[in-house]
Amino acid sequence: MESLTIGELAARSGVAQSALRFYEREGLIHASRTGGNQRRYDRAELRRVAFIKIAQQVGVSLEEIREALASLPENRTPTKGDWSRLSARWRHRLEERISVLERLRDQLTGCIGCGCLSLQRCKLVNPSDRLAGRGAGPQMVLNPPGD
């Protein structure tokens, strides 16, 4: 099987070499070493790196990614079936992120969610800062009424 240098893996995956070294230290990807102690990656590591990148985009922590990869037999590269099974666990999180982003998009020009940027509207939406009772942060975006 053809192996890749760290530079080739970085170029092909779109992930910085420093991140690849970090992933290796964290046990997320694996490399062999040449006689000159240079890293060599199997081409299959491209799929593992893609898996890591996509999972991170969904908001999955590195610990959860590590657990998912470790759950694969013999620490192998995820297959299409593996991705389907593992990503199903993260679907709800992705749907929540999409919902927050849609609310943010819809309210971005008028209000950041706490009402502080629109004093006129704030008197109607958040009189006397009643949203503070629901918690810290932009409650109209993170936890809108009806959620």
# chains A, B, ... in the order shown; residues from 1 in each chain; ligands from 1
$ residues_around --residues "Glu26 of chain A" --least-positions-apart "4" --cutoff "12 Å" --atoms "only C-alpha atoms" --output "count of residues only"
13
$ closest_atom_pairs --of "segment 7-42 of chain A" --to "segment 76-93 of chain A" --cutoff "12 Å" --atoms "only C-alpha atoms" --output "JSON lines"
{"residue": "A:Leu28", "atom": "CA", "partner": "A:Thr77", "partner_atom": "CA", "distance": 10.3}
{"residue": "A:Ile29", "atom": "CA", "partner": "A:Thr77", "partner_atom": "CA", "distance": 9.2}
{"residue": "A:His30", "atom": "CA", "partner": "A:Arg76", "partner_atom": "CA", "distance": 10.2}
{"residue": "A:Asp42", "atom": "CA", "partner": "A:Thr77", "partner_atom": "CA", "distance": 10.4}
$ write_last_selection --atoms "C-alpha atoms" --output "PDB file, in the first residue's frame"
ATOM      1  CA  LEU A  28      -6.841   9.520  16.423  1.00  0.00           C
ATOM      2  CA  ILE A  29      -4.604   8.677  13.462  1.00  0.00           C
ATOM      3  CA  HIS A  30      -1.590   6.426  13.118  1.00  0.00           C
ATOM      4  CA  ASP A  42      -1.334   4.735   5.001  1.00  0.00           C
TER       5      ASP A  42
END
$ atom_distance --atom1 "atom CA of Ala55 of chain A" --atom2 "atom CA of Leu94 of chain A"
9.8 Å
$ select_by_dssp --residues "chain A" --states "alpha helix (DSSP H)" --output "PyMOL selection string"
chain A and resi 6-13+17-25+45-58+62-70+80-107+119-125+139-142
$ closest_residue --among "A:Leu142, A:Ala11, A:Phe51, A:Ser99" --to "Ala68 of chain A" --atoms "only C-alpha atoms"
A:Phe51
$ closest_residue --among "A:Leu104, A:Ala44, A:Ile98, A:Ala16" --to "Gln57 of chain A" --atoms "only C-alpha atoms"
A:Ile98
$ closest_residue --among "A:Arg25, A:Arg105, A:Arg97, A:Arg43" --to "Ser13 of chain A" --atoms "only C-alpha atoms"
A:Arg43
